[in-house]
file entry-v3.txt (compact mmCIF, C-alpha atoms)
# COMPACT_ATOMS: atom_id res chain seq x y z
CA MET A 1 0.00 0.00 0.00
CA LYS A 2 1.38 3.41 -0.95
CA LYS A 3 1.30 5.65 2.10
CA ILE A 4 0.10 9.20 1.54
CA THR A 5 2.10 10.20 4.61
CA GLU A 6 5.29 9.03 2.88
CA SER A 7 4.57 10.55 -0.53
CA GLU A 8 6.90 13.22 -1.86
CA SER A 9 6.32 16.85 -0.92
CA LEU A 10 4.66 19.10 -3.47
CA HIS A 11 7.50 21.55 -2.87
CA ARG A 12 11.08 21.19 -4.10
CA GLY A 13 14.35 22.90 -3.16
CA LEU A 14 13.31 23.80 0.35
CA GLU A 15 16.86 24.70 1.31
CA LYS A 16 16.91 27.35 -1.43
CA MET A 17 13.77 29.11 -0.18
CA SER A 18 13.85 32.38 1.74
CA THR A 19 12.34 32.50 5.21
CA SER A 20 9.29 34.22 3.76
CA GLU A 21 8.89 31.52 1.11
CA LEU A 22 9.25 28.74 3.69
CA LEU A 23 6.64 30.24 5.99
CA THR A 24 4.24 31.05 3.16
CA ASN A 25 4.43 27.54 1.71
CA ILE A 26 4.07 25.84 5.09
CA ASN A 27 1.04 28.03 5.77
CA LYS A 28 -0.48 27.11 2.40
CA GLU A 29 -0.16 23.43 3.28
CA ASP A 30 -1.57 23.97 6.77
CA GLN A 31 -4.68 25.60 5.30
CA LYS A 32 -5.57 22.26 3.74
CA VAL A 33 -5.83 20.52 7.10
CA ALA A 34 -9.14 21.93 8.34
CA LEU A 35 -10.79 21.17 5.00
CA ALA A 36 -9.50 17.59 5.15
CA VAL A 37 -10.87 17.19 8.68
CA GLU A 38 -14.23 18.53 7.50
CA GLN A 39 -14.47 15.57 5.13
CA VAL A 40 -14.35 13.07 8.02
CA LEU A 41 -16.83 14.76 10.38
CA PRO A 42 -19.35 11.88 10.01
CA ALA A 43 -16.68 9.40 11.11
CA ILE A 44 -15.76 11.58 14.10
CA GLU A 45 -19.44 11.86 15.00
CA ALA A 46 -19.90 8.09 14.96
CA ALA A 47 -16.89 7.58 17.22
CA VAL A 48 -17.96 10.28 19.67
CA ASN A 49 -21.49 8.91 19.99
CA ALA A 50 -20.29 5.36 20.62
CA ILE A 51 -17.67 6.44 23.16
CA ALA A 52 -20.07 8.82 24.91
CA ASP A 53 -22.49 5.97 25.55
CA LYS A 54 -19.69 3.99 27.20
CA MET A 55 -18.41 6.90 29.28
CA LEU A 56 -21.88 7.90 30.47
CA ALA A 57 -22.20 4.34 31.72
CA GLY A 58 -18.94 4.64 33.69
CA GLY A 59 -16.30 3.69 31.13
CA ARG A 60 -12.95 5.33 30.43
CA LEU A 61 -11.25 6.52 27.25
CA PHE A 62 -7.70 5.53 26.35
CA TYR A 63 -5.52 7.13 23.69
CA LEU A 64 -2.68 4.99 22.37
CA GLY A 65 0.13 6.11 20.10
CA ALA A 66 3.85 6.32 19.39
CA GLY A 67 6.07 9.35 18.84
CA THR A 68 4.20 12.53 17.90
CA SER A 69 0.88 10.67 17.84
CA GLY A 70 1.39 9.36 21.36
CA ARG A 71 2.43 12.77 22.65
CA LEU A 72 -0.68 14.38 21.16
CA GLY A 73 -2.88 11.81 22.89
CA ILE A 74 -1.18 12.44 26.23
CA LEU A 75 -1.55 16.19 25.74
CA ASP A 76 -5.28 15.92 25.08
CA ALA A 77 -5.84 13.54 27.99
CA SER A 78 -3.84 15.67 30.41
CA GLU A 79 -5.93 18.75 29.61
CA CYS A 80 -9.26 17.14 30.51
CA PRO A 81 -8.97 17.26 34.34
CA PRO A 82 -8.03 20.96 34.65
CA THR A 83 -10.39 22.08 31.90
CA PHE A 84 -13.44 20.02 32.79
CA GLY A 85 -12.84 18.94 36.40
CA VAL A 86 -12.90 15.22 35.64
CA PRO A 87 -10.74 12.60 37.40
CA HIS A 88 -7.26 12.00 36.01
CA ASP A 89 -8.12 8.38 35.26
CA LEU A 90 -11.12 9.12 33.03
CA VAL A 91 -9.16 9.96 29.86
CA ILE A 92 -5.73 8.32 29.75
CA GLY A 93 -2.96 8.74 27.19
CA LEU A 94 -0.40 5.99 26.62
CA ILE A 95 2.75 6.18 24.51
CA ALA A 96 5.07 3.47 23.21
CA GLY A 97 8.13 3.45 25.46
CA GLY A 98 6.33 4.89 28.49
CA ASP A 99 6.67 8.33 30.05
CA ALA A 100 10.33 8.61 29.03
CA ALA A 101 9.16 8.72 25.40
CA ILE A 102 7.21 11.93 25.99
CA ARG A 103 10.46 13.91 25.87
CA LYS A 104 12.88 11.58 24.13
CA ALA A 105 12.26 8.99 21.42
CA GLN A 106 12.55 5.39 22.64
CA GLU A 107 14.09 3.35 19.85
CA PHE A 108 11.97 0.54 18.41
CA ALA A 109 9.35 0.72 21.22
CA GLU A 110 6.63 1.27 18.60
CA ASP A 111 7.61 -1.93 16.75
CA ASP A 112 6.38 -4.28 19.50
CA LYS A 113 2.89 -5.43 18.49
CA ASP A 114 2.13 -6.86 21.94
CA LEU A 115 3.30 -3.90 24.01
CA GLY A 116 0.23 -1.71 23.49
CA TRP A 117 -2.15 -4.31 24.89
CA LYS A 118 0.23 -4.96 27.79
CA ASP A 119 0.20 -1.26 28.61
CA LEU A 120 -3.61 -1.23 28.55
CA GLN A 121 -3.82 -4.27 30.83
CA ALA A 122 -1.98 -2.35 33.54
CA TYR A 123 -5.19 -0.29 33.87
CA ASP A 124 -7.53 -3.29 34.27
CA ILE A 125 -9.00 -2.60 30.86
CA SER A 126 -12.48 -3.99 30.25
CA PRO A 127 -15.35 -3.92 27.70
CA ALA A 128 -16.70 -0.88 29.57
CA ASP A 129 -13.79 1.15 28.17
CA SER A 130 -12.93 2.66 24.77
CA VAL A 131 -9.58 2.84 22.99
CA ILE A 132 -8.54 5.24 20.23
CA GLY A 133 -5.34 4.36 18.39
CA ILE A 134 -3.47 7.34 16.96
CA ALA A 135 -1.06 6.64 14.10
CA ALA A 136 -0.45 8.89 11.10
CA SER A 137 0.90 5.96 9.08
CA GLY A 138 -1.90 3.61 10.11
CA THR A 139 0.63 0.79 10.46
CA THR A 140 2.39 1.32 13.81
CA PRO A 141 2.63 -2.17 15.40
CA TYR A 142 2.26 -0.83 18.97
CA VAL A 143 -1.09 0.71 18.06
CA LEU A 144 -2.28 -1.93 15.62
CA GLY A 145 -1.78 -4.79 18.04
CA ALA A 146 -3.64 -2.96 20.80
CA ILE A 147 -6.59 -2.09 18.56
CA GLU A 148 -6.90 -5.63 17.23
CA LYS A 149 -6.80 -7.14 20.72
CA SER A 150 -9.12 -4.50 22.19
CA ARG A 151 -11.71 -5.24 19.54
CA THR A 152 -11.60 -8.99 20.15
CA GLU A 153 -12.07 -8.24 23.85
CA GLN A 154 -15.26 -6.25 23.06
CA LEU A 155 -13.91 -2.79 23.80
CA THR A 156 -15.10 0.11 21.65
CA THR A 157 -12.25 0.91 19.27
CA GLY A 158 -11.49 3.94 17.13
CA CYS A 159 -8.46 5.31 15.37
CA ILE A 160 -7.07 8.51 13.89
CA THR A 161 -4.87 7.95 10.86
CA CYS A 162 -3.81 9.92 7.80
CA ASN A 163 -3.62 6.95 5.43
CA PRO A 164 -7.10 5.83 4.30
CA GLY A 165 -7.38 2.06 3.97
CA SER A 166 -4.57 1.39 6.43
CA PRO A 167 -4.37 -1.73 8.65
CA ILE A 168 -5.31 0.27 11.74
CA GLY A 169 -8.27 1.80 9.92
CA LYS A 170 -9.47 -1.67 9.00
CA ALA A 171 -8.95 -3.00 12.53
CA ALA A 172 -10.89 -0.27 14.37
CA GLU A 173 -14.65 -0.30 14.71
CA PHE A 174 -14.81 3.49 14.28
CA PRO A 175 -11.96 4.57 12.00
CA ILE A 176 -11.23 8.24 11.38
CA GLU A 177 -9.06 8.44 8.26
CA VAL A 178 -8.14 11.99 7.25
CA ASN A 179 -6.20 12.62 4.06
CA VAL A 180 -4.11 15.77 4.45
CA GLY A 181 -1.88 14.99 1.47
CA PRO A 182 1.93 15.01 1.34
CA GLU A 183 3.84 16.80 4.07
CA PHE A 184 5.83 19.97 3.34
CA VAL A 185 8.96 18.07 4.36
CA THR A 186 8.49 14.61 2.86
CA GLY A 187 7.37 12.13 5.53
CA SER A 188 7.44 14.63 8.42
CA THR A 189 4.10 13.70 9.94
CA ARG A 190 4.65 16.01 12.92
CA MET A 191 3.41 18.71 10.54
CA LYS A 192 0.03 18.45 8.74
CA SER A 193 -0.76 14.96 10.01
CA GLY A 194 -0.03 16.02 13.58
CA THR A 195 -2.14 19.14 13.18
CA ALA A 196 -5.07 17.07 11.89
CA GLN A 197 -4.73 14.62 14.77
CA LYS A 198 -4.67 17.47 17.30
CA MET A 199 -7.78 19.03 15.78
CA ILE A 200 -9.66 15.72 15.87
CA LEU A 201 -8.59 14.96 19.43
CA ASN A 202 -9.86 18.39 20.48
CA MET A 203 -13.19 17.64 18.81
CA ILE A 204 -13.50 14.23 20.44
CA SER A 205 -12.63 15.16 24.01
CA THR A 206 -14.52 18.46 24.01
CA SER A 207 -17.66 16.88 22.57
CA LEU A 208 -17.46 14.05 25.09
CA MET A 209 -17.06 16.41 28.04
CA ILE A 210 -20.02 18.51 26.88
CA LYS A 211 -22.14 15.36 26.52
CA MET A 212 -21.11 14.39 30.06
CA GLY A 213 -22.45 17.68 31.40
CA ARG A 214 -19.10 19.34 32.04
CA VAL A 215 -19.99 22.55 30.19
CA GLU A 216 -22.92 24.86 30.85
CA ASP A 217 -23.88 27.21 28.02
CA ASN A 218 -20.34 27.83 26.76
CA ARG A 219 -18.56 27.89 30.12
CA MET A 220 -16.05 25.55 31.77
CA VAL A 221 -17.98 25.50 35.03
CA ASP A 222 -15.95 22.62 36.53
CA MET A 223 -12.44 23.83 35.65
CA HIS A 224 -9.73 23.51 38.30
CA LEU A 225 -8.90 26.89 39.80
CA SER A 226 -5.18 26.23 39.70
CA ASN A 227 -3.77 29.70 39.00
CA ASN A 228 -4.64 33.38 39.20
CA LYS A 229 -5.76 33.56 35.57
CA LEU A 230 -8.32 30.82 36.13
CA LEU A 231 -9.46 32.35 39.42
CA GLU A 232 -10.06 35.62 37.59
CA ARG A 233 -11.93 33.85 34.79
CA GLY A 234 -14.02 31.90 37.30
CA THR A 235 -14.85 35.04 39.24
CA GLN A 236 -16.07 36.75 36.10
CA MET A 237 -18.21 33.73 35.24
CA VAL A 238 -19.85 33.70 38.68
CA GLN A 239 -20.30 37.47 38.56
CA LYS A 240 -22.04 37.31 35.20
CA ALA A 241 -24.19 34.28 36.04
CA LEU A 242 -25.50 35.75 39.29
CA GLY A 243 -25.44 39.46 38.48
CA ILE A 244 -23.36 40.30 41.56
CA ASP A 245 -20.27 42.41 42.23
CA LYS A 246 -16.76 41.05 41.67
CA GLU A 247 -15.80 40.87 45.36
CA THR A 248 -18.86 38.81 46.28
CA ALA A 249 -18.30 36.53 43.30
CA ALA A 250 -14.67 35.96 44.31
CA ARG A 251 -15.70 35.06 47.88
CA LEU A 252 -18.31 32.60 46.62
CA LEU A 253 -15.83 30.99 44.26
CA GLN A 254 -13.21 30.59 46.97
CA LYS A 255 -15.78 29.15 49.36
CA HIS A 256 -17.29 26.58 47.00
CA GLY A 257 -14.26 25.72 44.87
CA SER A 258 -15.87 25.75 41.41
CA VAL A 259 -18.02 27.97 39.24
CA ARG A 260 -20.80 25.39 39.14
CA LYS A 261 -20.96 24.99 42.92
CA ALA A 262 -20.74 28.73 43.55
CA VAL A 263 -23.58 29.49 41.14
CA ASN A 264 -25.78 26.64 42.30
CA ALA A 265 -25.33 27.65 45.94
CA LYS A 266 -26.97 31.01 45.25
CA LYS A 267 -29.79 29.82 42.98
call {"tool": "encode", "arguments": {"input": "entry-v3.txt", "output": "structure tokens"}}
result
Amino acid sequence: MKKITESESLHRGLEKMSTSELLTNINKEDQKVALAVEQVLPAIEAAVNAIADKMLAGGRLFYLGAGTSGRLGILDASECPPTFGVPHDLVIGLIAGGDAAIRKAQEFAEDDKDLGWKDLQAYDISPADSVIGIAASGTTPYVLGAIEKSRTEQLTTGCITCNPGSPIGKAAEFPIEVNVGPEFVTGSTRMKSGTAQKMILNMISTSLMIKMGRVEDNRMVDMHLSNNKLLERGTQMVQKALGIDKETAARLLQKHGSVRKAVNAKK
């Protein structure tokens, strides 16, 4: 199978380009990403609906990937607790090679087809849970093995890949296969492919959290108040929701610990 992610860049002589030309051409390629993601919205919708049903019934969501894909999954998972106030073990990101691979590539870790499932088993994985494999190539053994085994064990499985018709796309119950075309630097999937994966992960997690009641209107009412910026934002949200002065809103927020609790206490 010819991989789109490995196809030759549409641009030649990159080293001869000026800075302006480099930035302009990268930007032109990046503009294609959102349009490519638009084409797979029905597939994203199907995955979100299936996973939401599981999570509303008490299940968890796991992201699984290697390299850039694994790091993007960990990033998205790690943002859910502070943004939406959910437990740290509700959305979990796993990367081939373990936590050390977040900062430094672990050679050949992604080539072990059994390792992904072993990593999932450490979390007492069960059919109540969902697994999304993230792999631009659609062939990463670490991800493929985990998706295949997860599906046989009756877990809900999805994937995000940039090679339509890939093995991982065929293995997952809810494949999301987005074609962003060749990378600006041939084969450098940290670029357009990574951007597409990040966009889709944002869509998935945000939609799931909204469906789980973690957003009211357009506000992050359960966010962790972990710094002054968030305290200020939370105060403004309470102030606006209740029509009270800033000082009273700040006291309510400090007392109750979240926007939701502060607002509900005064209703």
call {"tool": "residues_around", "arguments": {"input": "entry-v3.txt", "residues": "range 127-129 of chain A", "least_positions_apart": "4", "cutoff": "12 Å", "atoms": "all atoms listed in the file", "output": "VMD selection string"}}
result
chain A and resid 50 to 63 89 to 92 120 to 121 123 149 to 158
call {"tool": "residues_around", "arguments": {"input": "entry-v3.txt", "residues": "range 220-227 of chain A", "least_positions_apart": "3", "cutoff": "10 Å", "atoms": "all atoms listed in the file", "output": "short mmCIF file (atom, residue, chain, number, x, y, z; two decimals) with C-alpha atoms, in the coordinates of the input"}}
result
data_model
loop_
_atom_site.label_atom_id
_atom_site.label_comp_id
_atom_site.auth_asym_id
_atom_site.auth_seq_id
_atom_site.Cartn_x
_atom_site.Cartn_y
_atom_site.Cartn_z
CA CYS A 80 -9.26 17.14 30.51
CA PRO A 81 -8.97 17.26 34.34
CA PRO A 82 -8.03 20.96 34.65
CA THR A 83 -10.39 22.08 31.90
CA PHE A 84 -13.44 20.02 32.79
CA GLY A 85 -12.84 18.94 36.40
CA VAL A 86 -12.90 15.22 35.64
CA MET A 209 -17.06 16.41 28.04
CA ILE A 210 -20.02 18.51 26.88
CA GLY A 213 -22.45 17.68 31.40
CA ARG A 214 -19.10 19.34 32.04
CA VAL A 215 -19.99 22.55 30.19
CA GLU A 216 -22.92 24.86 30.85
CA ASP A 217 -23.88 27.21 28.02
CA LEU A 230 -8.32 30.82 36.13
CA LEU A 231 -9.46 32.35 39.42
CA GLU A 232 -10.06 35.62 37.59
CA ARG A 233 -11.93 33.85 34.79
CA GLY A 234 -14.02 31.90 37.30
CA MET A 237 -18.21 33.73 35.24
CA VAL A 238 -19.85 33.70 38.68
CA LEU A 253 -15.83 30.99 44.26
CA GLN A 254 -13.21 30.59 46.97
CA GLY A 257 -14.26 25.72 44.87
CA SER A 258 -15.87 25.75 41.41
CA VAL A 259 -18.02 27.97 39.24
CA ARG A 260 -20.80 25.39 39.14
CA LYS A 261 -20.96 24.99 42.92
CA ALA A 262 -20.74 28.73 43.55
CA VAL A 263 -23.58 29.49 41.14
#
call {"tool": "closest_residue", "arguments": {"input": "entry-v3.txt", "among": "A:Ser126, A:Ser7, A:Ser18, A:Asn264", "to": "Leu252 in chain A", "atoms": "only C-alpha atoms"}}
result
A:Asn264
call {"tool": "closest_residue", "arguments": {"input": "entry-v3.txt", "among": "A:Glu15, A:Glu183, A:Glu6, A:Glu79", "to": "Leu201 in chain A", "atoms": "only C-alpha atoms"}}
result
A:Glu79
call {"tool": "closest_residue", "arguments": {"input": "entry-v3.txt", "among": "A:Lys211, A:Ala241, A:Glu148, A:Asn202", "to": "Ser78 in chain A", "atoms": "all atoms listed in the file"}}
result
A:Asn202
call {"tool": "closest_atom_pairs", "arguments": {"input": "entry-v3.txt", "of": "range 65-155 of chain A", "to": "range 160-180 of chain A", "cutoff": "6 Å", "atoms": "all atoms listed in the file", "output": "tab-separated table"}}
result
residue	atom	partner	partner_atom	distance
A:Ile134	CA	A:Ile160	CA	4.9
A:Ala135	CA	A:Thr161	CA	5.2
A:Ala136	CA	A:Thr161	CA	4.5
A:Ser137	CA	A:Asn163	CA	5.9
A:Gly138	CA	A:Ile168	CA	5.0
A:Thr139	CA	A:Pro167	CA	5.9
A:Leu144	CA	A:Ile168	CA	5.4
A:Glu148	CA	A:Ala171	CA	5.8
call {"tool": "closest_residue", "arguments": {"input": "entry-v3.txt", "among": "A:Gly67, A:Gly145, A:Gly97, A:Gly73", "to": "Ser188 in chain A", "atoms": "all atoms listed in the file"}}
result
A:Gly67
call {"tool": "closest_residue", "arguments": {"input": "entry-v3.txt", "among": "A:Ile147, A:Lys104, A:Cys159, A:Pro182", "to": "His11 in chain A", "atoms": "only C-alpha atoms"}}
result
A:Pro182
call {"tool": "atom_distance", "arguments": {"input": "entry-v3.txt", "atom1": "CA of Lys192 in chain A", "atom2": "CA of Val131 in chain A"}}
result
23.2 Å
call {"tool": "residues_around", "arguments": {"input": "entry-v3.txt", "residues": "Ile95 in chain A", "least_positions_apart": "5", "cutoff": "9 Å", "atoms": "all atoms listed in the file", "output": "JSON list (two decimals) with C-alpha atoms, in the coordinates of the input"}}
result
[["chain", "number", "residue", "atom", "x", "y", "z"],
["A", 63, "TYR", "CA", -5.52, 7.13, 23.69],
["A", 64, "LEU", "CA", -2.68, 4.99, 22.37],
["A", 65, "GLY", "CA", 0.13, 6.11, 20.10],
["A", 66, "ALA", "CA", 3.85, 6.32, 19.39],
["A", 67, "GLY", "CA", 6.07, 9.35, 18.84],
["A", 69, "SER", "CA", 0.88, 10.67, 17.84],
["A", 70, "GLY", "CA", 1.39, 9.36, 21.36],
["A", 71, "ARG", "CA", 2.43, 12.77, 22.65],
["A", 73, "GLY", "CA", -2.88, 11.81, 22.89],
["A", 74, "ILE", "CA", -1.18, 12.44, 26.23],
["A", 101, "ALA", "CA", 9.16, 8.72, 25.40],
["A", 102, "ILE", "CA", 7.21, 11.93, 25.99],
["A", 110, "GLU", "CA", 6.63, 1.27, 18.60],
["A", 116, "GLY", "CA", 0.23, -1.71, 23.49],
["A", 119, "ASP", "CA", 0.20, -1.26, 28.61],
["A", 142, "TYR", "CA", 2.26, -0.83, 18.97]]
call {"tool": "atom_distance", "arguments": {"input": "entry-v3.txt", "atom1": "CA of Gly187 in chain A", "atom2": "CA of Leu115 in chain A"}}
result
24.8 Å
call {"tool": "atom_distance", "arguments": {"input": "entry-v3.txt", "atom1": "CA of Val143 in chain A", "atom2": "CA of Ile125 in chain A"}}
result
15.4 Å
call {"tool": "closest_residue", "arguments": {"input": "entry-v3.txt", "among": "A:Ala122, A:Leu22, A:Met17, A:Ile132", "to": "Ile44 in chain A", "atoms": "only C-alpha atoms"}}
result
A:Ile132
